[in-house]
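Pasted below: input03.txt, compact mmCIF, N, CA and C atoms and all ligand atoms.
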```txt
# COMPACT_ATOMS: atom_id res chain seq x y z
N MET V 1 38.45 -32.12 -31.41
CA MET V 1 37.18 -31.89 -30.71
C MET V 1 36.84 -33.13 -29.89
N SER V 2 37.09 -33.07 -28.58
CA SER V 2 36.97 -34.27 -27.76
C SER V 2 35.52 -34.74 -27.61
N ASP V 3 34.55 -33.83 -27.76
CA ASP V 3 33.16 -34.22 -27.56
C ASP V 3 32.42 -34.44 -28.88
N CYS V 4 33.16 -34.53 -29.97
CA CYS V 4 32.52 -34.71 -31.28
C CYS V 4 32.39 -36.20 -31.60
N LEU V 5 31.16 -36.62 -31.92
CA LEU V 5 30.89 -38.03 -32.21
C LEU V 5 31.76 -38.56 -33.33
N PHE V 6 31.85 -37.82 -34.43
CA PHE V 6 32.62 -38.36 -35.57
C PHE V 6 34.12 -38.32 -35.30
N CYS V 7 34.61 -37.35 -34.52
CA CYS V 7 36.02 -37.41 -34.11
C CYS V 7 36.27 -38.67 -33.27
N LYS V 8 35.29 -39.05 -32.45
CA LYS V 8 35.45 -40.28 -31.64
C LYS V 8 35.47 -41.51 -32.54
N ILE V 9 34.66 -41.52 -33.59
CA ILE V 9 34.71 -42.64 -34.54
C ILE V 9 36.07 -42.67 -35.24
N ILE V 10 36.56 -41.51 -35.64
CA ILE V 10 37.87 -41.42 -36.31
C ILE V 10 38.97 -41.96 -35.39
N LYS V 11 38.87 -41.65 -34.09
CA LYS V 11 39.90 -42.09 -33.12
C LYS V 11 39.63 -43.51 -32.61
N ARG V 12 38.60 -44.15 -33.15
CA ARG V 12 38.21 -45.52 -32.76
C ARG V 12 37.77 -45.60 -31.30
N GLU V 13 37.27 -44.50 -30.77
CA GLU V 13 36.72 -44.53 -29.41
C GLU V 13 35.28 -45.03 -29.42
N ILE V 14 34.64 -44.93 -30.59
CA ILE V 14 33.30 -45.46 -30.81
C ILE V 14 33.37 -46.34 -32.05
N PRO V 15 32.78 -47.54 -32.02
CA PRO V 15 32.87 -48.42 -33.20
C PRO V 15 32.01 -47.93 -34.35
N ALA V 16 32.43 -48.27 -35.55
CA ALA V 16 31.64 -47.98 -36.75
C ALA V 16 32.03 -49.01 -37.81
N SER V 17 31.14 -49.17 -38.77
CA SER V 17 31.39 -50.07 -39.89
C SER V 17 32.11 -49.27 -40.98
N ILE V 18 33.42 -49.39 -41.00
CA ILE V 18 34.24 -48.52 -41.85
C ILE V 18 34.33 -49.12 -43.26
N VAL V 19 34.10 -48.27 -44.24
CA VAL V 19 34.16 -48.72 -45.63
C VAL V 19 35.38 -48.20 -46.37
N TYR V 20 36.02 -47.16 -45.85
CA TYR V 20 37.23 -46.61 -46.50
C TYR V 20 37.99 -45.77 -45.49
N GLU V 21 39.31 -45.81 -45.58
CA GLU V 21 40.14 -44.94 -44.76
C GLU V 21 41.44 -44.62 -45.47
N ASP V 22 41.86 -43.36 -45.39
CA ASP V 22 43.23 -43.00 -45.76
C ASP V 22 43.70 -41.94 -44.76
N ASP V 23 44.78 -41.24 -45.09
CA ASP V 23 45.33 -40.29 -44.11
C ASP V 23 44.40 -39.12 -43.82
N HIS V 24 43.54 -38.78 -44.77
CA HIS V 24 42.73 -37.57 -44.63
C HIS V 24 41.24 -37.81 -44.48
N VAL V 25 40.78 -38.97 -44.92
CA VAL V 25 39.34 -39.22 -45.07
C VAL V 25 38.97 -40.54 -44.42
N LEU V 26 37.78 -40.57 -43.78
CA LEU V 26 37.19 -41.82 -43.29
C LEU V 26 35.76 -41.91 -43.83
N ALA V 27 35.36 -43.11 -44.24
CA ALA V 27 33.97 -43.36 -44.65
C ALA V 27 33.46 -44.55 -43.87
N PHE V 28 32.22 -44.42 -43.36
CA PHE V 28 31.61 -45.49 -42.57
C PHE V 28 30.11 -45.51 -42.83
N ASN V 29 29.51 -46.67 -42.59
CA ASN V 29 28.08 -46.82 -42.83
C ASN V 29 27.28 -46.05 -41.79
N ASP V 30 26.23 -45.37 -42.26
CA ASP V 30 25.34 -44.65 -41.35
C ASP V 30 24.64 -45.66 -40.43
N ILE V 31 24.49 -45.30 -39.15
CA ILE V 31 23.88 -46.21 -38.18
C ILE V 31 22.38 -46.37 -38.42
N ASN V 32 21.78 -45.44 -39.16
CA ASN V 32 20.34 -45.45 -39.44
C ASN V 32 20.14 -45.27 -40.95
N PRO V 33 20.48 -46.32 -41.73
CA PRO V 33 20.57 -46.14 -43.19
C PRO V 33 19.22 -45.82 -43.83
N GLN V 34 19.25 -44.89 -44.77
CA GLN V 34 18.05 -44.46 -45.49
C GLN V 34 18.01 -45.03 -46.91
N ALA V 35 18.95 -45.88 -47.26
CA ALA V 35 19.01 -46.52 -48.57
C ALA V 35 19.92 -47.73 -48.42
N PRO V 36 19.88 -48.67 -49.39
CA PRO V 36 20.75 -49.86 -49.29
C PRO V 36 22.23 -49.50 -49.08
N LEU V 37 22.69 -48.45 -49.75
CA LEU V 37 24.00 -47.89 -49.42
C LEU V 37 23.77 -46.52 -48.80
N HIS V 38 24.20 -46.36 -47.56
CA HIS V 38 24.16 -45.05 -46.90
C HIS V 38 25.42 -44.94 -46.07
N ALA V 39 26.41 -44.31 -46.66
CA ALA V 39 27.69 -44.11 -45.98
C ALA V 39 27.87 -42.62 -45.71
N LEU V 40 28.71 -42.33 -44.73
CA LEU V 40 29.09 -40.96 -44.40
C LEU V 40 30.58 -40.83 -44.68
N VAL V 41 30.94 -39.84 -45.47
CA VAL V 41 32.34 -39.61 -45.82
C VAL V 41 32.78 -38.34 -45.11
N VAL V 42 33.80 -38.44 -44.28
CA VAL V 42 34.17 -37.31 -43.42
C VAL V 42 35.66 -37.00 -43.54
N PRO V 43 36.00 -35.70 -43.41
CA PRO V 43 37.42 -35.36 -43.26
C PRO V 43 37.88 -35.79 -41.86
N LYS V 44 39.10 -36.27 -41.74
CA LYS V 44 39.59 -36.63 -40.41
C LYS V 44 39.82 -35.40 -39.55
N ARG V 45 40.13 -34.29 -40.20
CA ARG V 45 40.30 -33.04 -39.46
C ARG V 45 38.92 -32.45 -39.17
N HIS V 46 38.70 -32.06 -37.92
CA HIS V 46 37.37 -31.56 -37.53
C HIS V 46 37.07 -30.22 -38.18
N ILE V 47 35.91 -30.16 -38.84
CA ILE V 47 35.33 -28.90 -39.36
C ILE V 47 33.85 -28.96 -38.97
N ASP V 48 33.32 -27.91 -38.35
CA ASP V 48 31.95 -27.96 -37.83
C ASP V 48 30.91 -28.18 -38.91
N SER V 49 30.98 -27.39 -39.97
CA SER V 49 29.96 -27.45 -41.02
C SER V 49 30.51 -26.74 -42.24
N LEU V 50 29.74 -26.74 -43.32
CA LEU V 50 30.19 -26.02 -44.51
C LEU V 50 30.34 -24.53 -44.23
N ASN V 51 29.59 -24.02 -43.25
CA ASN V 51 29.72 -22.60 -42.91
C ASN V 51 31.11 -22.26 -42.39
N ALA V 52 31.86 -23.24 -41.93
CA ALA V 52 33.18 -22.99 -41.34
C ALA V 52 34.32 -23.22 -42.33
N LEU V 53 34.00 -23.51 -43.59
CA LEU V 53 35.06 -23.81 -44.55
C LEU V 53 35.89 -22.56 -44.87
N SER V 54 37.18 -22.78 -45.04
CA SER V 54 38.08 -21.72 -45.51
C SER V 54 38.78 -22.23 -46.77
N PRO V 55 39.47 -21.34 -47.49
CA PRO V 55 40.14 -21.79 -48.71
C PRO V 55 41.11 -22.95 -48.46
N GLU V 56 41.67 -23.03 -47.25
CA GLU V 56 42.58 -24.13 -46.95
C GLU V 56 41.87 -25.48 -46.94
N ASP V 57 40.56 -25.46 -46.88
CA ASP V 57 39.80 -26.71 -46.85
C ASP V 57 39.42 -27.20 -48.26
N ASP V 58 39.75 -26.42 -49.29
CA ASP V 58 39.31 -26.81 -50.64
C ASP V 58 39.79 -28.21 -51.00
N ALA V 59 41.01 -28.54 -50.65
CA ALA V 59 41.55 -29.84 -51.05
C ALA V 59 40.81 -30.98 -50.35
N ILE V 60 40.54 -30.82 -49.05
CA ILE V 60 39.89 -31.93 -48.34
C ILE V 60 38.44 -32.09 -48.79
N VAL V 61 37.78 -30.99 -49.11
CA VAL V 61 36.41 -31.12 -49.63
C VAL V 61 36.43 -31.88 -50.95
N GLY V 62 37.39 -31.57 -51.79
CA GLY V 62 37.52 -32.31 -53.05
C GLY V 62 37.79 -33.78 -52.81
N GLU V 63 38.63 -34.09 -51.84
CA GLU V 63 38.91 -35.50 -51.54
C GLU V 63 37.66 -36.22 -51.06
N VAL V 64 36.90 -35.56 -50.20
CA VAL V 64 35.68 -36.18 -49.67
C VAL V 64 34.70 -36.48 -50.82
N VAL V 65 34.51 -35.51 -51.70
CA VAL V 65 33.55 -35.69 -52.80
C VAL V 65 34.05 -36.78 -53.77
N ARG V 66 35.30 -36.73 -54.12
CA ARG V 66 35.82 -37.76 -55.03
C ARG V 66 35.75 -39.13 -54.40
N ARG V 67 35.98 -39.22 -53.10
CA ARG V 67 35.93 -40.53 -52.44
C ARG V 67 34.50 -41.06 -52.40
N ALA V 68 33.54 -40.21 -52.18
CA ALA V 68 32.14 -40.67 -52.20
C ALA V 68 31.83 -41.27 -53.57
N ALA V 69 32.22 -40.59 -54.63
CA ALA V 69 31.95 -41.12 -55.97
C ALA V 69 32.68 -42.44 -56.19
N ALA V 70 33.89 -42.55 -55.70
CA ALA V 70 34.65 -43.79 -55.88
C ALA V 70 34.00 -44.95 -55.12
N ILE V 71 33.51 -44.68 -53.92
CA ILE V 71 32.82 -45.73 -53.15
C ILE V 71 31.56 -46.16 -53.89
N ALA V 72 30.80 -45.19 -54.40
CA ALA V 72 29.59 -45.52 -55.16
C ALA V 72 29.93 -46.39 -56.36
N ARG V 73 30.95 -46.02 -57.09
CA ARG V 73 31.36 -46.82 -58.26
C ARG V 73 31.79 -48.21 -57.83
N ASP V 74 32.61 -48.27 -56.78
CA ASP V 74 33.12 -49.57 -56.32
C ASP V 74 31.98 -50.51 -55.92
N LYS V 75 30.90 -49.95 -55.41
CA LYS V 75 29.78 -50.77 -54.96
C LYS V 75 28.75 -50.99 -56.05
N GLY V 76 29.07 -50.54 -57.26
CA GLY V 76 28.23 -50.86 -58.42
C GLY V 76 27.14 -49.86 -58.72
N TYR V 77 27.19 -48.68 -58.10
CA TYR V 77 26.14 -47.69 -58.29
C TYR V 77 26.55 -46.53 -59.20
N GLY V 78 27.70 -46.63 -59.81
CA GLY V 78 28.16 -45.53 -60.65
C GLY V 78 27.21 -45.24 -61.80
N ASP V 79 26.77 -46.30 -62.48
CA ASP V 79 25.87 -46.10 -63.62
C ASP V 79 24.43 -45.90 -63.16
N ARG V 80 23.98 -46.68 -62.17
CA ARG V 80 22.58 -46.55 -61.70
C ARG V 80 22.33 -45.16 -61.14
N GLY V 81 23.28 -44.65 -60.38
CA GLY V 81 23.17 -43.33 -59.80
C GLY V 81 23.25 -43.36 -58.29
N PHE V 82 23.62 -42.25 -57.75
CA PHE V 82 23.75 -42.12 -56.29
C PHE V 82 23.56 -40.65 -55.94
N ARG V 83 23.27 -40.40 -54.67
CA ARG V 83 23.07 -39.02 -54.19
C ARG V 83 24.08 -38.70 -53.11
N THR V 84 24.58 -37.47 -53.15
CA THR V 84 25.53 -36.98 -52.15
C THR V 84 24.96 -35.70 -51.55
N VAL V 85 24.94 -35.64 -50.23
CA VAL V 85 24.27 -34.53 -49.52
C VAL V 85 25.11 -34.07 -48.33
N PHE V 86 25.32 -32.76 -48.25
CA PHE V 86 25.84 -32.14 -47.03
C PHE V 86 24.68 -31.38 -46.39
N ASN V 87 24.26 -31.75 -45.20
CA ASN V 87 23.27 -30.97 -44.47
C ASN V 87 23.99 -29.92 -43.63
N THR V 88 23.46 -28.70 -43.63
CA THR V 88 24.08 -27.62 -42.86
C THR V 88 23.04 -26.91 -42.00
N ASN V 89 23.23 -27.04 -40.71
CA ASN V 89 22.40 -26.36 -39.69
C ASN V 89 20.97 -26.87 -39.65
N ALA V 90 20.17 -26.24 -38.79
CA ALA V 90 18.93 -26.85 -38.31
C ALA V 90 17.92 -27.16 -39.41
N GLU V 91 17.62 -26.22 -40.27
CA GLU V 91 16.54 -26.46 -41.23
C GLU V 91 16.91 -27.51 -42.26
N ALA V 92 18.17 -27.77 -42.44
CA ALA V 92 18.60 -28.84 -43.35
C ALA V 92 18.73 -30.17 -42.61
N GLY V 93 18.61 -30.15 -41.28
CA GLY V 93 18.64 -31.39 -40.52
C GLY V 93 20.01 -31.83 -40.05
N GLN V 94 20.96 -30.90 -39.99
CA GLN V 94 22.28 -31.30 -39.49
C GLN V 94 22.19 -31.59 -37.99
N THR V 95 22.61 -32.79 -37.60
CA THR V 95 22.58 -33.18 -36.20
C THR V 95 23.98 -33.44 -35.63
N VAL V 96 24.93 -33.72 -36.49
CA VAL V 96 26.32 -33.94 -36.05
C VAL V 96 27.17 -32.84 -36.69
N PHE V 97 27.82 -32.06 -35.83
CA PHE V 97 28.53 -30.88 -36.31
C PHE V 97 30.00 -31.18 -36.56
N HIS V 98 30.22 -32.13 -37.47
CA HIS V 98 31.51 -32.47 -38.06
C HIS V 98 31.16 -32.74 -39.52
N VAL V 99 31.71 -31.97 -40.42
CA VAL V 99 31.33 -32.07 -41.84
C VAL V 99 31.29 -33.53 -42.29
N HIS V 100 30.17 -33.91 -42.91
CA HIS V 100 30.02 -35.26 -43.43
C HIS V 100 29.19 -35.22 -44.69
N LEU V 101 29.63 -36.00 -45.66
CA LEU V 101 28.91 -36.12 -46.92
C LEU V 101 28.13 -37.42 -46.89
N HIS V 102 26.80 -37.31 -46.94
CA HIS V 102 25.96 -38.51 -47.05
C HIS V 102 26.09 -39.07 -48.46
N LEU V 103 26.29 -40.36 -48.57
CA LEU V 103 26.30 -41.06 -49.86
C LEU V 103 25.16 -42.08 -49.82
N LEU V 104 24.17 -41.88 -50.69
CA LEU V 104 22.98 -42.74 -50.71
C LEU V 104 22.83 -43.35 -52.09
N ALA V 105 22.50 -44.65 -52.13
CA ALA V 105 22.30 -45.32 -53.42
C ALA V 105 21.57 -46.63 -53.18
N GLY V 106 21.02 -47.17 -54.27
CA GLY V 106 20.42 -48.49 -54.21
C GLY V 106 18.91 -48.49 -54.24
N ARG V 107 18.30 -47.32 -54.31
CA ARG V 107 16.85 -47.23 -54.50
C ARG V 107 16.56 -45.92 -55.23
N GLY V 108 15.37 -45.81 -55.79
CA GLY V 108 14.98 -44.56 -56.41
C GLY V 108 14.90 -43.47 -55.37
N LEU V 109 15.53 -42.36 -55.63
CA LEU V 109 15.56 -41.25 -54.67
C LEU V 109 14.74 -40.11 -55.24
N ARG V 110 13.74 -39.71 -54.50
CA ARG V 110 12.83 -38.67 -55.00
C ARG V 110 13.50 -37.29 -54.99
N TRP V 111 12.97 -36.44 -55.85
CA TRP V 111 13.41 -35.05 -55.88
C TRP V 111 12.20 -34.17 -56.03
N PRO V 112 12.06 -33.07 -55.29
CA PRO V 112 13.00 -32.59 -54.29
C PRO V 112 12.96 -33.44 -53.03
N PRO V 113 14.04 -33.47 -52.26
CA PRO V 113 14.06 -34.22 -51.00
C PRO V 113 13.13 -33.55 -50.00
N GLY V 114 12.73 -34.27 -48.98
CA GLY V 114 11.79 -33.73 -47.99
C GLY V 114 12.38 -32.63 -47.16
P1 LIG V 201 23.08 -35.20 -40.25
O1 LIG V 201 21.66 -35.31 -39.75
O2 LIG V 201 23.94 -34.40 -39.30
O3 LIG V 201 23.21 -34.71 -41.68
O4 LIG V 201 23.63 -36.67 -40.32
C1 LIG V 201 24.12 -37.33 -39.20
C2 LIG V 201 24.05 -38.80 -39.51
O5 LIG V 201 24.84 -39.49 -38.58
C3 LIG V 201 22.64 -39.38 -39.42
O6 LIG V 201 22.26 -39.93 -40.68
C4 LIG V 201 22.75 -40.45 -38.33
O7 LIG V 201 22.00 -41.61 -38.59
C5 LIG V 201 24.24 -40.71 -38.29
N1 LIG V 201 24.74 -41.13 -37.00
C6 LIG V 201 24.40 -40.60 -35.79
N2 LIG V 201 25.07 -41.23 -34.81
C7 LIG V 201 25.83 -42.18 -35.42
C8 LIG V 201 26.74 -43.17 -34.90
O8 LIG V 201 27.01 -43.28 -33.70
N3 LIG V 201 27.33 -43.99 -35.82
C9 LIG V 201 27.08 -43.87 -37.16
N4 LIG V 201 27.70 -44.75 -37.97
N5 LIG V 201 26.23 -42.97 -37.66
C10 LIG V 201 25.61 -42.13 -36.79
ZN ZN V 202 34.74 -33.83 -35.16
```

For the file at hand, write its structure as structure tokens.
Amino acid sequence: MSDCLFCKIIKREIPASIVYEDDHVLAFNDINPQAPLHALVVPKRHIDSLNALSPEDDAIVGEVVRRAAAIARDKGYGDRGFRTVFNTNAEAGQTVFHVHLHLLAGRGLRWPPG
């Protein structure tokens, strides 16, 4: 997807503060952090949203979720706690249409979210 912001970050056409990378997954700090740790964990392969997932995507979704937890643990938030969020479409506030898992930690997070 040539016009996708996160695909451009993956291709290094736009800079980002990268916290993890492997063959399938990239994680980088959110440009507008909502907590002391606010990273976005994304599949390198473009998927618009959770609405576009197919069974072939099960493995990459698992990798993204496990990687978010590993980053949280590595940064010392495993025991304190952390939140992981996928926003999908307008009412949930999705603004970038490349699947991304928000990883938030480092402050008390209210429930329910706004
Ligand atoms: P959404 O609202 O789609 O769930 O989340 C998109 C997130 O991407 C937002 O939290 C926003 O701050 C972040 N974001 C938007 N543009 C950029 C950018 O250019 N770089 C980075 N690192 N994050 C971005
Ligand atoms: Zn993309």

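Nearest to ligand ZN 202 (chain V) of all the residues V:Val64, V:Ile47, V:Leu109, V:Leu40 is V:Ile47, based on all atoms listed in the file.
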
Each side padded by 3 Å, which centre and which edge lengths in Å (one decimal) define the axis-aligned box around the listed atoms of region 67-73 of chain V? Give them as JSON.
```
{"center_x": 32.8, "center_y": -43.7, "center_z": -55.2, "size_x": 12.4, "size_y": 15.0, "size_z": 12.1}
```

**OP:** State, in Å with one decimal place, the distance from atom O3 of ligand LIG 201 (chain V) to CA of Trp111 (chain V).
**Re:** 17.3 Å

Identify, counting only C-alpha atoms and all ligand atoms, the protein, DNA and RNA residues located within 10 Å of ligand ZN 202 (chain V), and give them as a PDB file with N, CA and C atoms, in the frame of the given file.
```pdb
ATOM      1  N   MET V   1      38.450 -32.120 -31.410  1.00  0.00           N
ATOM      2  CA  MET V   1      37.180 -31.890 -30.710  1.00  0.00           C
ATOM      3  C   MET V   1      36.840 -33.130 -29.890  1.00  0.00           C
ATOM      4  N   SER V   2      37.090 -33.070 -28.580  1.00  0.00           N
ATOM      5  CA  SER V   2      36.970 -34.270 -27.760  1.00  0.00           C
ATOM      6  C   SER V   2      35.520 -34.740 -27.610  1.00  0.00           C
ATOM      7  N   ASP V   3      34.550 -33.830 -27.760  1.00  0.00           N
ATOM      8  CA  ASP V   3      33.160 -34.220 -27.560  1.00  0.00           C
ATOM      9  C   ASP V   3      32.420 -34.440 -28.880  1.00  0.00           C
ATOM     10  N   CYS V   4      33.160 -34.530 -29.970  1.00  0.00           N
ATOM     11  CA  CYS V   4      32.520 -34.710 -31.280  1.00  0.00           C
ATOM     12  C   CYS V   4      32.390 -36.200 -31.600  1.00  0.00           C
ATOM     13  N   LEU V   5      31.160 -36.620 -31.920  1.00  0.00           N
ATOM     14  CA  LEU V   5      30.890 -38.030 -32.210  1.00  0.00           C
ATOM     15  C   LEU V   5      31.760 -38.560 -33.330  1.00  0.00           C
ATOM     16  N   PHE V   6      31.850 -37.820 -34.430  1.00  0.00           N
ATOM     17  CA  PHE V   6      32.620 -38.360 -35.570  1.00  0.00           C
ATOM     18  C   PHE V   6      34.120 -38.320 -35.300  1.00  0.00           C
ATOM     19  N   CYS V   7      34.610 -37.350 -34.520  1.00  0.00           N
ATOM     20  CA  CYS V   7      36.020 -37.410 -34.110  1.00  0.00           C
ATOM     21  C   CYS V   7      36.270 -38.670 -33.270  1.00  0.00           C
ATOM     22  N   LYS V   8      35.290 -39.050 -32.450  1.00  0.00           N
ATOM     23  CA  LYS V   8      35.450 -40.280 -31.640  1.00  0.00           C
ATOM     24  C   LYS V   8      35.470 -41.510 -32.540  1.00  0.00           C
ATOM     25  N   ILE V   9      34.660 -41.520 -33.590  1.00  0.00           N
ATOM     26  CA  ILE V   9      34.710 -42.640 -34.540  1.00  0.00           C
ATOM     27  C   ILE V   9      36.070 -42.670 -35.240  1.00  0.00           C
ATOM     28  N   ILE V  10      36.560 -41.510 -35.640  1.00  0.00           N
ATOM     29  CA  ILE V  10      37.870 -41.420 -36.310  1.00  0.00           C
ATOM     30  C   ILE V  10      38.970 -41.960 -35.390  1.00  0.00           C
ATOM     31  N   LYS V  11      38.870 -41.650 -34.090  1.00  0.00           N
ATOM     32  CA  LYS V  11      39.900 -42.090 -33.120  1.00  0.00           C
ATOM     33  C   LYS V  11      39.630 -43.510 -32.610  1.00  0.00           C
ATOM     34  N   VAL V  42      33.800 -38.440 -44.280  1.00  0.00           N
ATOM     35  CA  VAL V  42      34.170 -37.310 -43.420  1.00  0.00           C
ATOM     36  C   VAL V  42      35.660 -37.000 -43.540  1.00  0.00           C
ATOM     37  N   PRO V  43      36.000 -35.700 -43.410  1.00  0.00           N
ATOM     38  CA  PRO V  43      37.420 -35.360 -43.260  1.00  0.00           C
ATOM     39  C   PRO V  43      37.880 -35.790 -41.860  1.00  0.00           C
ATOM     40  N   LYS V  44      39.100 -36.270 -41.740  1.00  0.00           N
ATOM     41  CA  LYS V  44      39.590 -36.630 -40.410  1.00  0.00           C
ATOM     42  C   LYS V  44      39.820 -35.400 -39.550  1.00  0.00           C
ATOM     43  N   ARG V  45      40.130 -34.290 -40.200  1.00  0.00           N
ATOM     44  CA  ARG V  45      40.300 -33.040 -39.460  1.00  0.00           C
ATOM     45  C   ARG V  45      38.920 -32.450 -39.170  1.00  0.00           C
ATOM     46  N   HIS V  46      38.700 -32.060 -37.920  1.00  0.00           N
ATOM     47  CA  HIS V  46      37.370 -31.560 -37.530  1.00  0.00           C
ATOM     48  C   HIS V  46      37.070 -30.220 -38.180  1.00  0.00           C
ATOM     49  N   ILE V  47      35.910 -30.160 -38.840  1.00  0.00           N
ATOM     50  CA  ILE V  47      35.330 -28.900 -39.360  1.00  0.00           C
ATOM     51  C   ILE V  47      33.850 -28.960 -38.970  1.00  0.00           C
ATOM     52  N   ASP V  48      33.320 -27.910 -38.350  1.00  0.00           N
ATOM     53  CA  ASP V  48      31.950 -27.960 -37.830  1.00  0.00           C
ATOM     54  C   ASP V  48      30.910 -28.180 -38.910  1.00  0.00           C
ATOM     55  N   SER V  49      30.980 -27.390 -39.970  1.00  0.00           N
ATOM     56  CA  SER V  49      29.960 -27.450 -41.020  1.00  0.00           C
ATOM     57  C   SER V  49      30.510 -26.740 -42.240  1.00  0.00           C
ATOM     58  N   VAL V  96      24.930 -33.720 -36.490  1.00  0.00           N
ATOM     59  CA  VAL V  96      26.320 -33.940 -36.050  1.00  0.00           C
ATOM     60  C   VAL V  96      27.170 -32.840 -36.690  1.00  0.00           C
ATOM     61  N   PHE V  97      27.820 -32.060 -35.830  1.00  0.00           N
ATOM     62  CA  PHE V  97      28.530 -30.880 -36.310  1.00  0.00           C
ATOM     63  C   PHE V  97      30.000 -31.180 -36.560  1.00  0.00           C
ATOM     64  N   HIS V  98      30.220 -32.130 -37.470  1.00  0.00           N
ATOM     65  CA  HIS V  98      31.510 -32.470 -38.060  1.00  0.00           C
ATOM     66  C   HIS V  98      31.160 -32.740 -39.520  1.00  0.00           C
ATOM     67  N   VAL V  99      31.710 -31.970 -40.420  1.00  0.00           N
ATOM     68  CA  VAL V  99      31.330 -32.070 -41.840  1.00  0.00           C
ATOM     69  C   VAL V  99      31.290 -33.530 -42.290  1.00  0.00           C
ATOM     70  N   HIS V 100      30.170 -33.910 -42.910  1.00  0.00           N
ATOM     71  CA  HIS V 100      30.020 -35.260 -43.430  1.00  0.00           C
ATOM     72  C   HIS V 100      29.190 -35.220 -44.690  1.00  0.00           C
TER      73      HIS V 100
END
```

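The coordinates place atom C of Asn29 (chain V) at 11.5 Å from atom C of Leu104 (chain V).
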
Subject >> Surroundings of ligand LIG 201 (chain V) up to 6.5 Å, based on only N, CA and C atoms and all ligand atoms, as a list in words >> reply: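 The distance check yields Pro15, Ala16, Ser17, Phe28, Asn29, Asp30, Ile31, Asn32, Pro33, Phe86, Asn87, Thr88, Ala92, Gly93, Gln94, Thr95, Val96 and Phe97 of chain V.
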
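For the pair CA of Ala90 (chain V) and atom N of Ala52 (chain V), the separation is 13.9 Å.
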
**OP:** Could you tell me, as a ChimeraX atom specification, which residues of chain V DSSP assigns to helix (DSSP H, G or I) when given the backbone?
**Re:** /V:5-10,50-52,55-74,90-92

**OP:** Enumerate the residues of chain V with a DSSP assignment of strand (DSSP E), computed from the backbone, and present them as number ranges by chain.
**Re:** V: 18-21, 25-29, 37-43, 82-85, 101-105

Subject >> Distance query Leu37 (chain V) at most 9 Å, only C-alpha atoms, self and fewer than 2 positions along chain excluded, as a PyMOL selection string >> reply: chain V and resi 29-30+33-35+39+72+75+82+103-107

Original post:
From the list V:Gly62, V:Gly108, V:Gly78, V:Pro55, which residue is nearest Pro36 (chain V) when using only C-alpha atoms?
Top reply: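 Nearest candidate to Pro36 (chain V) out of V:Gly62, V:Gly108, V:Gly78, V:Pro55: V:Gly108.
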
Original post:
V:Arg80, V:Val25, V:Pro113, V:His102: which is nearest Ala59 (chain V), counting only C-alpha atoms?
Top reply: V:Val25
